[in-house]
Amino acid sequence: MPKFSVTRRVSFTADQVFALAADVASYREFLPLVRKSLVRNREELPGGRESFESELVITYRKLGISETMISKVIIDRAANAVTSTAIQGPVQHLDVDWRIVPAGPEACDIHFKVDYALKSRSLQFILSGMFDMIVRRIMSAFEERAKKLYGAVAVS
């Protein structure tokens, strides 16, 4: 089963990046391939954590793909972590893990991990060669969103 992880240092605070990762309802505004993003069934969990379901509609027009994925998301502010596990959609499983670690007063490291398997073996084969590029586009989209919302910040 394919796994992917990347760590990237960005010139934004951990709180800023965490706010972007946790705002799943806004993903449609800036993430490539995401045409719809909804959040429902929010509930508070012990330890200040929050849980909700997200519904993302992923569209890849070049391949004629449009799929809806529903995931269970856990937001943990104390740990600067966002985790997501798919519960419905075109995947056998999909686990996504964001960990944001402060790296100075105006910088942080984003640790992003994805573990997935698609239901369609042919689609799995096609996407496996493109997955690295897709994840890098996602990371770049988050950086561009941060620049738009917070402005460019120089790393000290």
# chains A, B, ... in the order shown; residues from 1 in each chain; ligands from 1
>>> residues_around(residues="segment 30-44 of chain A", least_positions_apart="4", cutoff="7 Å", atoms="only C-alpha atoms", output="short mmCIF file (atom, residue, chain, number, x, y, z; two decimals) with N, CA, C and O atoms, in the first residue's frame")
data_model
loop_
_atom_site.label_atom_id
_atom_site.label_comp_id
_atom_site.auth_asym_id
_atom_site.auth_seq_id
_atom_site.Cartn_x
_atom_site.Cartn_y
_atom_site.Cartn_z
N VAL A 24 -10.87 22.68 7.14
CA VAL A 24 -11.21 21.77 6.05
C VAL A 24 -12.33 22.35 5.17
O VAL A 24 -12.33 22.17 3.96
N ALA A 25 -13.26 23.07 5.76
CA ALA A 25 -14.37 23.64 4.99
C ALA A 25 -13.89 24.61 3.91
O ALA A 25 -14.57 24.79 2.90
N SER A 26 -12.70 25.18 4.08
CA SER A 26 -12.17 26.13 3.08
C SER A 26 -11.29 25.48 2.02
O SER A 26 -10.82 26.17 1.12
N GLY A 48 -9.59 18.93 24.75
CA GLY A 48 -9.65 20.08 23.85
C GLY A 48 -9.60 19.72 22.37
O GLY A 48 -9.45 20.59 21.52
N ARG A 49 -9.72 18.44 22.06
CA ARG A 49 -9.73 18.03 20.66
C ARG A 49 -11.12 18.19 20.07
O ARG A 49 -12.10 18.33 20.79
N GLU A 50 -11.21 18.15 18.76
CA GLU A 50 -12.47 18.28 18.05
C GLU A 50 -12.54 17.21 16.98
O GLU A 50 -11.54 16.86 16.36
N SER A 51 -13.75 16.72 16.73
CA SER A 51 -13.97 15.70 15.72
C SER A 51 -15.09 16.17 14.79
O SER A 51 -16.03 16.83 15.23
N PHE A 52 -14.99 15.82 13.51
CA PHE A 52 -16.06 16.09 12.56
C PHE A 52 -15.89 15.21 11.34
O PHE A 52 -14.85 14.58 11.14
N GLU A 53 -16.94 15.17 10.53
CA GLU A 53 -16.87 14.50 9.23
C GLU A 53 -16.63 15.56 8.16
O GLU A 53 -17.23 16.64 8.21
N SER A 54 -15.78 15.23 7.22
CA SER A 54 -15.58 16.13 6.08
C SER A 54 -16.03 15.40 4.82
O SER A 54 -15.89 14.18 4.71
N GLU A 55 -16.59 16.17 3.90
CA GLU A 55 -16.95 15.64 2.60
C GLU A 55 -16.21 16.46 1.56
O GLU A 55 -16.39 17.68 1.47
N LEU A 56 -15.35 15.79 0.81
CA LEU A 56 -14.61 16.44 -0.26
C LEU A 56 -15.01 15.83 -1.59
O LEU A 56 -15.08 14.61 -1.71
N VAL A 57 -15.28 16.68 -2.56
CA VAL A 57 -15.50 16.21 -3.92
C VAL A 57 -14.21 16.50 -4.68
O VAL A 57 -13.79 17.66 -4.81
N ILE A 58 -13.56 15.43 -5.14
CA ILE A 58 -12.29 15.52 -5.85
C ILE A 58 -12.57 15.32 -7.33
O ILE A 58 -13.17 14.32 -7.72
N THR A 59 -12.11 16.26 -8.15
CA THR A 59 -12.35 16.19 -9.59
C THR A 59 -11.02 16.32 -10.32
O THR A 59 -10.26 17.24 -10.06
N TYR A 60 -10.77 15.35 -11.19
CA TYR A 60 -9.57 15.39 -12.05
C TYR A 60 -10.07 15.27 -13.49
O TYR A 60 -10.32 14.17 -13.98
N ILE A 138 -0.31 19.97 -3.36
CA ILE A 138 -1.10 20.27 -2.16
C ILE A 138 -0.28 21.13 -1.20
O ILE A 138 -0.76 22.14 -0.68
N ALA A 141 0.02 24.59 -2.49
CA ALA A 141 -1.25 25.30 -2.36
C ALA A 141 -1.44 25.83 -0.94
O ALA A 141 -1.92 26.95 -0.74
N ARG A 145 -1.74 29.74 0.04
CA ARG A 145 -2.87 30.20 0.86
C ARG A 145 -2.36 30.98 2.06
O ARG A 145 -2.91 32.02 2.42
#
>>> residues_around(residues="segment 107-113 of chain A", least_positions_apart="6", cutoff="8 Å", atoms="only C-alpha atoms", output="list in words")
Lys3, Phe4, Ser5, Val6, Thr7, Arg8, Arg9, Val10, Ser11, Phe12, Thr13, Ala14, Asp95, Val96, Asp97, Trp98, Arg99, Ile100, Val101 and Val155 of chain A
>>> write_last_selection(atoms="N, CA and C atoms", output="PDB file, in the first residue's frame")
ATOM      1  N   LYS A   3       2.603   4.691   0.602  1.00  0.00           N
ATOM      2  CA  LYS A   3       2.742   5.645   1.698  1.00  0.00           C
ATOM      3  C   LYS A   3       3.614   6.772   1.194  1.00  0.00           C
ATOM      4  N   PHE A   4       3.322   7.945   1.671  1.00  0.00           N
ATOM      5  CA  PHE A   4       4.089   9.107   1.261  1.00  0.00           C
ATOM      6  C   PHE A   4       4.236  10.010   2.461  1.00  0.00           C
ATOM      7  N   SER A   5       5.420  10.555   2.641  1.00  0.00           N
ATOM      8  CA  SER A   5       5.605  11.550   3.699  1.00  0.00           C
ATOM      9  C   SER A   5       6.587  12.604   3.212  1.00  0.00           C
ATOM     10  N   VAL A   6       6.366  13.808   3.680  1.00  0.00           N
ATOM     11  CA  VAL A   6       7.225  14.921   3.334  1.00  0.00           C
ATOM     12  C   VAL A   6       7.276  15.860   4.538  1.00  0.00           C
ATOM     13  N   THR A   7       8.436  16.457   4.732  1.00  0.00           N
ATOM     14  CA  THR A   7       8.596  17.498   5.750  1.00  0.00           C
ATOM     15  C   THR A   7       9.072  18.741   5.038  1.00  0.00           C
ATOM     16  N   ARG A   8       8.430  19.837   5.353  1.00  0.00           N
ATOM     17  CA  ARG A   8       8.786  21.093   4.697  1.00  0.00           C
ATOM     18  C   ARG A   8       8.797  22.210   5.735  1.00  0.00           C
ATOM     19  N   ARG A   9       9.867  22.994   5.730  1.00  0.00           N
ATOM     20  CA  ARG A   9       9.940  24.176   6.595  1.00  0.00           C
ATOM     21  C   ARG A   9       9.353  25.357   5.839  1.00  0.00           C
ATOM     22  N   VAL A  10       8.454  26.076   6.509  1.00  0.00           N
ATOM     23  CA  VAL A  10       7.826  27.242   5.906  1.00  0.00           C
ATOM     24  C   VAL A  10       8.003  28.445   6.819  1.00  0.00           C
ATOM     25  N   SER A  11       7.893  29.616   6.229  1.00  0.00           N
ATOM     26  CA  SER A  11       8.112  30.857   6.976  1.00  0.00           C
ATOM     27  C   SER A  11       6.796  31.433   7.513  1.00  0.00           C
ATOM     28  N   PHE A  12       6.066  30.567   8.216  1.00  0.00           N
ATOM     29  CA  PHE A  12       4.837  30.952   8.895  1.00  0.00           C
ATOM     30  C   PHE A  12       4.843  30.296  10.257  1.00  0.00           C
ATOM     31  N   THR A  13       4.088  30.860  11.197  1.00  0.00           N
ATOM     32  CA  THR A  13       4.068  30.276  12.531  1.00  0.00           C
ATOM     33  C   THR A  13       3.291  28.956  12.514  1.00  0.00           C
ATOM     34  N   ALA A  14       3.558  28.149  13.524  1.00  0.00           N
ATOM     35  CA  ALA A  14       2.839  26.877  13.645  1.00  0.00           C
ATOM     36  C   ALA A  14       1.341  27.129  13.794  1.00  0.00           C
ATOM     37  N   ASP A  95      -5.382   7.399   5.142  1.00  0.00           N
ATOM     38  CA  ASP A  95      -5.035   8.035   6.405  1.00  0.00           C
ATOM     39  C   ASP A  95      -4.099   9.198   6.102  1.00  0.00           C
ATOM     40  N   VAL A  96      -4.480  10.378   6.578  1.00  0.00           N
ATOM     41  CA  VAL A  96      -3.690  11.587   6.364  1.00  0.00           C
ATOM     42  C   VAL A  96      -3.342  12.158   7.726  1.00  0.00           C
ATOM     43  N   ASP A  97      -2.097  12.575   7.886  1.00  0.00           N
ATOM     44  CA  ASP A  97      -1.611  13.068   9.168  1.00  0.00           C
ATOM     45  C   ASP A  97      -0.796  14.343   8.949  1.00  0.00           C
ATOM     46  N   TRP A  98      -1.248  15.430   9.537  1.00  0.00           N
ATOM     47  CA  TRP A  98      -0.514  16.700   9.539  1.00  0.00           C
ATOM     48  C   TRP A  98       0.023  16.923  10.946  1.00  0.00           C
ATOM     49  N   ARG A  99       1.313  17.182  11.065  1.00  0.00           N
ATOM     50  CA  ARG A  99       1.930  17.569  12.341  1.00  0.00           C
ATOM     51  C   ARG A  99       2.705  18.843  12.071  1.00  0.00           C
ATOM     52  N   ILE A 100       2.404  19.886  12.815  1.00  0.00           N
ATOM     53  CA  ILE A 100       3.058  21.168  12.612  1.00  0.00           C
ATOM     54  C   ILE A 100       3.899  21.462  13.850  1.00  0.00           C
ATOM     55  N   VAL A 101       5.206  21.628  13.636  1.00  0.00           N
ATOM     56  CA  VAL A 101       6.151  21.789  14.738  1.00  0.00           C
ATOM     57  C   VAL A 101       6.823  23.154  14.629  1.00  0.00           C
ATOM     58  N   VAL A 155      12.125  34.195   7.047  1.00  0.00           N
ATOM     59  CA  VAL A 155      12.630  33.315   8.092  1.00  0.00           C
ATOM     60  C   VAL A 155      13.887  33.905   8.665  1.00  0.00           C
TER      61      VAL A 155
END
>>> select_by_dssp(residues="chain A", states="helix (DSSP H, G or I)", output="PyMOL selection string")
chain A and resi 14-22+24-29+46-48+61-63+121-128+131-150
>>> select_by_dssp(residues="chain A", states="strand (DSSP E or B)", output="ChimeraX atom specification")
/A:3-10,34-44,50-60,65-76,81-88,91-102,108-118
>>> atom_distance(atom1="atom CA of Glu144 of chain A", atom2="atom CA of Glu67 of chain A")
25.0 Å
>>> residues_around(residues="Pro46 of chain A", least_positions_apart="4", cutoff="12 Å", atoms="only C-alpha atoms", output="list in words")
Glu50, Ser51, Ile74, Ile75, Asp76, Arg77 and Ala78 of chain A
>>> write_last_selection(atoms="C-alpha atoms", output="PDB file, in the first residue's frame")
ATOM      1  CA  GLU A  50     -12.468  18.283  18.055  1.00  0.00           C
ATOM      2  CA  SER A  51     -13.973  15.698  15.716  1.00  0.00           C
ATOM      3  CA  ILE A  74      -9.625  14.862  14.452  1.00  0.00           C
ATOM      4  CA  ILE A  75      -8.242  18.306  15.265  1.00  0.00           C
ATOM      5  CA  ASP A  76      -5.782  18.443  18.184  1.00  0.00           C
ATOM      6  CA  ARG A  77      -4.774  22.039  18.913  1.00  0.00           C
ATOM      7  CA  ALA A  78      -2.457  21.126  21.790  1.00  0.00           C
TER       8      ALA A  78
END
>>> atom_distance(atom1="atom CA of Gly89 of chain A", atom2="atom CA of Leu118 of chain A")
9.1 Å
>>> atom_distance(atom1="atom CA of Val17 of chain A", atom2="atom CA of Thr83 of chain A")
14.3 Å
>>> closest_residue(among="A:Lys119, A:Arg28, A:Lys62, A:Lys72", to="Pro90 of chain A", atoms="only C-alpha atoms")
A:Lys119
